[in-house]
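Q: The structure is given below, and queries will be raised subsequently.
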Amino acid sequence: MRFILIILVITVYGCHSKTDVTAQQVVDNAIKVSGGELFEAKKVTFKFRDYQYTSSKSKQGFKLTRSKIQGSDTLLDIKNGKDFTRSINNSLVSLADSTAQNFSNSINSVHYFAKLPYGLNDEAVNKELLADETLFEKEYYKVKVTFNQQNGGEDFEDVYLYWIGKNDFKIDFLAYSFTVNGGGYRFRKAYNERFVKEIRFVDYENYAPINSNIHLDEIGRLFEAGKLKLLSKIELKNVKVE
């Protein structure tokens with residue numbers, strides 16, 4: 001009888017001590033281990049392809065810039081909150097609304113991926129915890145992200161998946177579906193992890209399915225099986241944090 005009671009106590013205690021993890025908790029932990037509030041407190045500078053990028057906190061939210069020298073001209077794009085400007089040699093350039101929106105989306109996209117997982121707590125983001133998944137013998141929380149139309153940007157219909165390590169809370173893989181230019185899928189594998197003044201940065205290998213007739217949820221398994229093709233590499237160079 002005593003043995004049975006001990007088993008019952010252990011069983012009951014185990015049930016009460018178990019806590020359900022939410023998508024929000026997983027994302028909060030991922031942000032914490034990658035830099036947390038330092039994403040807001042620090043100015044970040046890096047080079048990506050032909051442009052130099054900076055990100056810093058401003059009264060409008062974040063001030064995002066990209067610049068490059070093109071021949072004898074210096075081109076500077078600034079996205080400050082919802083406002084966007086382009087200047088050449090310190091002179092403002094008049095742009096059509098559609099062109100300005102395209103440039104604004106482009107600069108925002110680069111900064112978004114560079115600062116992940118920080119942006120996953122933006123107000124337009126909806127997070128859902130899917131079933132855990134194991135890739136290459138590592139266990140992951142799998143978080144699905146969708147966006148509200150309001151404040152969700154031009155690509156609010158895109159759907160993202162993030163594989164976040166159950167033990168280290170680091171994003172090792174991400175995938176997304178998109179609708180522009182005929183639509184499609186992308187899968188990214190993080191590599192070259194480094195911490196610069198306690199903020200985590202990674203580069204990505206950028207993949208696409210060999211066969212476009214797939215479902216986003218199965219793309220992780222397809223990568224593990226070698227059924228994705230490498231398209232490009234997303235590399236941040238000369239990363240500085242001030």
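Just so we're on the same page: first chain in the structure tokens is A, next is B, and so on; residues restart at 1 for each chain, and ligands are numbered from 1 in the order they show up.
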Hey, what's within 10 Å of Val239 of chain A if we count only C-alpha atoms and toss same-chain stuff fewer than 6 positions away? As a VMD selection string, please?
A: chain A and resid 44 to 48 53 to 54 194 to 196 201
Q: Which residues of segment 168-220 of chain A have any atom within 10 Å of an atom in segment 119-142 of chain A when counting only C-alpha atoms, and what is the closest pair of atoms for each, with the distance in Å to one decimal? Order the rows by chain and rising number and write it as CSV.
A:
residue,atom,partner,partner_atom,distance
A:Asp168,CA,A:Tyr140,CA,9.5
A:Phe169,CA,A:Tyr141,CA,8.5
A:Lys170,CA,A:Tyr140,CA,9.3
A:Ile171,CA,A:Tyr140,CA,9.0
A:Asp172,CA,A:Tyr140,CA,9.0
A:Phe173,CA,A:Leu135,CA,9.6
A:Leu174,CA,A:Lys142,CA,9.4
A:Asp217,CA,A:Leu130,CA,9.6
A:Gly220,CA,A:Leu135,CA,7.4
Q: According to DSSP computed on the backbone, where in segment 6-77 of chain A is there helix (DSSP H, G or I)? Give the residues as a PyMOL selection string.
A: chain A and resi 6-17+23-34+38-41
